[in-house]
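Engineer: There's a structure below that I have some questions on.
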Amino acid sequence: QRALALSLEVVKERPTMSAGREMLAFMLQQSDRIVEAIEQLEILTRDPHATDDNRVQLALLYSETHQPKKAIALLASHADTKNSDILNAYGVALSDDGNIPLARQQFERALAIDPNNAPALQNLGIVALRKDDVRAAQSYLTRALELNQRLPLALNTLGVVYARQNDF
């Protein structure tokens, strides 16, 4: 709470300081004040010097709050990038919006850039499961977890895979 209060104070005193606003957005997100975190990130991303990380963070929050069209609009103009984080976030938004084929393309593009991108593998696993390809889902999710054991969504989705295989 003290860190959040300090971040609010910094932004109040220096509203144009991007790093302060970025920290405030992070603190708000950690405090489950998602709407306010989104507001801060929207201010940040209106600046032409906004970072890709700012866009990714905002897009993922849009997706988490069931606003994939906003995430798509934010990232579509950056879809020709070689930044695997942007491609992954764009894929998440597309998937959440129901465009599974284009989402899959984005995750595959992210992997072409970074073959060890665990979140992209996780998301390919989720997409495969949505298409009822349980075997592919298991393969992607297992590989993602081999690269990064701290992917709760991959762990949860792998549990769904095992349940669909009657492996309780």
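Please note that chains go A, B, ... in the order of the structure tokens, that every chain numbers its residues from 1, and that ligands are numbered from 1 in the order shown.
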What lies within 12 Å of segment 41-49 of chain A using only C-alpha atoms, ignoring chain neighbours under 5 positions off, as a PyMOL selection string?

Structural biologist: chain A and resi 11+15-29+34-36+54-62+70-71+74-75

Engineer: Once DSSP has gone over the backbone, tell me which residues of chain A are in alpha helix (DSSP H), as a PyMOL selection string.

Structural biologist: chain A and resi 2-13+18-30+34-46+52-64+68-76+84-96+100-113+118-130+134-147+152-164

Engineer: Do you know which residues are at most 9 Å from Gly125 of chain A counting only C-alpha atoms, after dropping those on the same chain fewer than 2 positions away, and could you put them as a ChimeraX atom specification?

Structural biologist: /A:120-123,127-130,133-134,136-142,144,154,157-158

Engineer: Using only C-alpha atoms, find the one residue out of A:Leu102, A:Ile126, A:Leu111, A:Leu153 that sits nearest to Asp85 of chain A.

Structural biologist: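 Of A:Leu102, A:Ile126, A:Leu111, A:Leu153, the one nearest Asp85 of chain A, counting only C-alpha atoms, is A:Leu111.
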
Engineer: So the first atom is atom CA of Gly91 of chain A and the second is atom CA of Arg104 of chain A; what is the distance between them in Å, to one decimal place?

Structural biologist: 6.7 Å

Engineer: Excluding His78 of chain A and its own-chain neighbours fewer than 3 positions away, which residues fall within 10 Å of it when counting only C-alpha atoms? Please give them as a PyMOL selection string.

Structural biologist: chain A and resi 52+55+72-75+81-83+86-87+90

Engineer: Under the rule that only C-alpha atoms are counted, which of A:Ser63, A:Arg135, A:Ile113, A:Ala118 is the nearest residue to Pro152 of chain A?

Structural biologist: A:Ala118

Engineer: Taking only C-alpha atoms into account, name the residue in A:Leu145, A:Val10, A:Leu94, A:Ala89 that is nearest to Ala110 of chain A.

Structural biologist: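 So, comparing all the options, the nearest one is A:Ala89.
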